[in-house]
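*Asks:* The structure follows.
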Amino acid sequence: MKVLLLTGLGALFFAYYWDDKFDPADHSCSLPASLQGARVLLTGASAGVGEELAYHYARLGSHLVLTAQREALLQKVVGNCRKLGAPKVFYIAADMASPEVPEHVVQFALDKLGGLDYLVLNHLGAAPAGPRTRNAQATRWLMQVNFLSYVQLTSLALPSLTDSKGSLVVVSSLLGRVPTSFSSPYSAAKFALDGFFSSLRRELDVQDVNVAITMCVLGLQDHASATERFRGITRAKAAPGPKAALAVIRGSATRASRVFYPWRFHLLCLLRSWLPQPRAWFIRQELNSTATAAA
């Protein structure tokens, strides 16, 4: 048992500090050709991982409907996708905090593309990290944007995805699998995503519905809203957006049930139910204790 424990801990240390050297520019042996001509609805497409996802899909020849809240940024992404070779690109500006918006977005995508092969849920409602955000109003808003709108979009798009034997891609966070400090409402919404889509996967399987669900567990991303939200709270390094996006596309195109990026997060998730003290130690290494105490 001691040998097994030491071996496991050694593997964990290696995984925790190892950096994935995968080259996002090398598509030749990583992605199937099935994405060419695929009809994709992508949310949260104006920045960060969503923007990089749009560019990868465009290079691969997918037909796109992009949505995000900030129209000016969305228009820039649409223009870039056209330059990269996307055969069709449409956009609709939408604020997922409004409960009536998901229906408009899905109907727009169905009208423009004639159906869906991929629904990629990536939009994010972020709030500053810290204990001051633990209130019912902030939690209610975060749950609508980060959870309930995902459920609405999924329910509305599922008939089309069933017809096409398509895929649901849910971009989530490590905070939806391993709770940490100073992110209670955000983490609650991400845990809800994991529970809902894990259950839905089983329901579809029981009903012989051939729709894949890929849950993507990502870390802190290197775009302005994410880094600003956790500025001073965490020591964790932001993950490169293009690499994280390519990991998402590669996993969903192969209909994998889960994607972890960086891949060491898989081991951190395995620690959730056992070895609680080492897990707590790893989490503390990524927190700035001075800043969190001040918050």
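Here's how to read the names in the structure tokens: chain A, B, ... by the order shown, residue numbers from 1 in each chain, ligand numbers from 1 in the order shown.
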Within 10 Å of Ser149 (chain A), counting only C-alpha atoms, which residues qualify if same-chain residues fewer than 2 places away don't, as a PDB file with N, CA and C atoms, in the first residue's frame?

*Replies:*
ATOM      1  N   ASP A  95     -27.864  38.486 -24.634  1.00  0.00           N
ATOM      2  CA  ASP A  95     -27.521  38.506 -23.218  1.00  0.00           C
ATOM      3  C   ASP A  95     -28.250  37.347 -22.540  1.00  0.00           C
ATOM      4  N   MET A  96     -27.503  36.325 -22.148  1.00  0.00           N
ATOM      5  CA  MET A  96     -28.108  35.123 -21.588  1.00  0.00           C
ATOM      6  C   MET A  96     -28.683  35.335 -20.187  1.00  0.00           C
ATOM      7  N   ALA A  97     -28.533  36.526 -19.628  1.00  0.00           N
ATOM      8  CA  ALA A  97     -29.170  36.824 -18.350  1.00  0.00           C
ATOM      9  C   ALA A  97     -30.678  36.986 -18.505  1.00  0.00           C
ATOM     10  N   SER A  98     -31.139  37.163 -19.747  1.00  0.00           N
ATOM     11  CA  SER A  98     -32.576  37.302 -20.019  1.00  0.00           C
ATOM     12  C   SER A  98     -33.163  35.937 -20.352  1.00  0.00           C
ATOM     13  N   PRO A  99     -34.134  35.454 -19.608  1.00  0.00           N
ATOM     14  CA  PRO A  99     -34.655  34.095 -19.807  1.00  0.00           C
ATOM     15  C   PRO A  99     -35.272  33.848 -21.178  1.00  0.00           C
ATOM     16  N   GLU A 100     -35.717  34.905 -21.876  1.00  0.00           N
ATOM     17  CA  GLU A 100     -36.345  34.706 -23.178  1.00  0.00           C
ATOM     18  C   GLU A 100     -35.328  34.617 -24.322  1.00  0.00           C
ATOM     19  N   VAL A 101     -34.063  34.930 -24.054  1.00  0.00           N
ATOM     20  CA  VAL A 101     -33.056  35.001 -25.117  1.00  0.00           C
ATOM     21  C   VAL A 101     -32.692  33.632 -25.710  1.00  0.00           C
ATOM     22  N   PRO A 102     -32.498  32.577 -24.907  1.00  0.00           N
ATOM     23  CA  PRO A 102     -32.091  31.293 -25.508  1.00  0.00           C
ATOM     24  C   PRO A 102     -32.991  30.809 -26.632  1.00  0.00           C
ATOM     25  N   GLU A 103     -34.297  30.998 -26.517  1.00  0.00           N
ATOM     26  CA  GLU A 103     -35.203  30.562 -27.575  1.00  0.00           C
ATOM     27  C   GLU A 103     -34.927  31.316 -28.869  1.00  0.00           C
ATOM     28  N   LEU A 121     -21.680  25.147 -25.834  1.00  0.00           N
ATOM     29  CA  LEU A 121     -22.085  26.082 -24.784  1.00  0.00           C
ATOM     30  C   LEU A 121     -20.849  26.553 -24.038  1.00  0.00           C
ATOM     31  N   HIS A 123     -20.616  30.296 -23.046  1.00  0.00           N
ATOM     32  CA  HIS A 123     -20.761  31.637 -22.494  1.00  0.00           C
ATOM     33  C   HIS A 123     -20.610  31.616 -20.973  1.00  0.00           C
ATOM     34  N   MET A 143     -26.607  31.878 -11.716  1.00  0.00           N
ATOM     35  CA  MET A 143     -27.288  30.634 -12.050  1.00  0.00           C
ATOM     36  C   MET A 143     -28.055  30.767 -13.368  1.00  0.00           C
ATOM     37  N   GLN A 144     -28.650  31.916 -13.617  1.00  0.00           N
ATOM     38  CA  GLN A 144     -29.362  32.111 -14.886  1.00  0.00           C
ATOM     39  C   GLN A 144     -28.389  32.065 -16.069  1.00  0.00           C
ATOM     40  N   VAL A 145     -27.278  32.780 -15.957  1.00  0.00           N
ATOM     41  CA  VAL A 145     -26.341  32.855 -17.083  1.00  0.00           C
ATOM     42  C   VAL A 145     -25.560  31.552 -17.236  1.00  0.00           C
ATOM     43  N   ASN A 146     -25.024  31.041 -16.138  1.00  0.00           N
ATOM     44  CA  ASN A 146     -24.077  29.925 -16.205  1.00  0.00           C
ATOM     45  C   ASN A 146     -24.720  28.543 -16.107  1.00  0.00           C
ATOM     46  N   PHE A 147     -25.999  28.479 -15.768  1.00  0.00           N
ATOM     47  CA  PHE A 147     -26.658  27.178 -15.682  1.00  0.00           C
ATOM     48  C   PHE A 147     -27.997  27.136 -16.408  1.00  0.00           C
ATOM     49  N   VAL A 151     -29.376  25.022 -19.820  1.00  0.00           N
ATOM     50  CA  VAL A 151     -30.473  24.055 -19.853  1.00  0.00           C
ATOM     51  C   VAL A 151     -31.484  24.446 -20.930  1.00  0.00           C
ATOM     52  N   GLN A 152     -31.809  25.729 -21.014  1.00  0.00           N
ATOM     53  CA  GLN A 152     -32.771  26.192 -22.015  1.00  0.00           C
ATOM     54  C   GLN A 152     -32.264  25.939 -23.434  1.00  0.00           C
ATOM     55  N   LEU A 153     -31.030  26.321 -23.701  1.00  0.00           N
ATOM     56  CA  LEU A 153     -30.450  26.141 -25.031  1.00  0.00           C
ATOM     57  C   LEU A 153     -30.421  24.662 -25.418  1.00  0.00           C
ATOM     58  N   THR A 154     -30.061  23.827 -24.458  1.00  0.00           N
ATOM     59  CA  THR A 154     -30.004  22.391 -24.707  1.00  0.00           C
ATOM     60  C   THR A 154     -31.380  21.825 -25.034  1.00  0.00           C
ATOM     61  N   SER A 155     -32.381  22.173 -24.239  1.00  0.00           N
ATOM     62  CA  SER A 155     -33.732  21.653 -24.456  1.00  0.00           C
ATOM     63  C   SER A 155     -34.269  22.057 -25.822  1.00  0.00           C
TER      64      SER A 155
END

*Asks:* Going by DSSP on the backbone, which bits of region 32-108 of chain A are strand (DSSP E or B)? Write them as an mmCIF file with C-alpha atoms, in the first residue's frame, please.

*Replies:*
data_model
loop_
_atom_site.group_PDB
_atom_site.id
_atom_site.type_symbol
_atom_site.label_atom_id
_atom_site.label_comp_id
_atom_site.auth_asym_id
_atom_site.auth_seq_id
_atom_site.Cartn_x
_atom_site.Cartn_y
_atom_site.Cartn_z
ATOM 1 C CA ARG A 39 -23.421 23.169 -38.488
ATOM 2 C CA VAL A 40 -22.261 24.737 -35.237
ATOM 3 C CA LEU A 41 -23.976 27.060 -32.754
ATOM 4 C CA LEU A 42 -21.298 28.524 -30.486
ATOM 5 C CA THR A 43 -22.072 30.741 -27.501
ATOM 6 C CA HIS A 63 -20.877 26.536 -40.853
ATOM 7 C CA LEU A 64 -21.221 28.846 -37.856
ATOM 8 C CA VAL A 65 -23.733 30.797 -35.844
ATOM 9 C CA LEU A 66 -21.882 32.793 -33.213
ATOM 10 C CA THR A 67 -23.431 34.542 -30.259
ATOM 11 C CA ALA A 68 -22.183 36.723 -27.404
ATOM 12 C CA VAL A 89 -20.911 32.653 -40.611
ATOM 13 C CA PHE A 90 -23.858 34.350 -38.931
ATOM 14 C CA TYR A 91 -24.097 36.108 -35.585
ATOM 15 C CA ILE A 92 -26.689 37.209 -33.085
ATOM 16 C CA ALA A 93 -25.892 39.452 -30.118
#

*Asks:* Which parts of region 43-169 of chain A does DSSP call helix (DSSP H, G or I) when run on the backbone here, written out as a PyMOL selection string?

*Replies:* chain A and resi 48-59+71-83+101-113+131-133+136-164

*Asks:* Compare A:Gly48, A:Gly115, A:Gly219, A:Gly251 by their minimum atom-to-atom distance to Thr162 (chain A), counting only C-alpha atoms, and give me the closest one.

*Replies:* A:Gly115
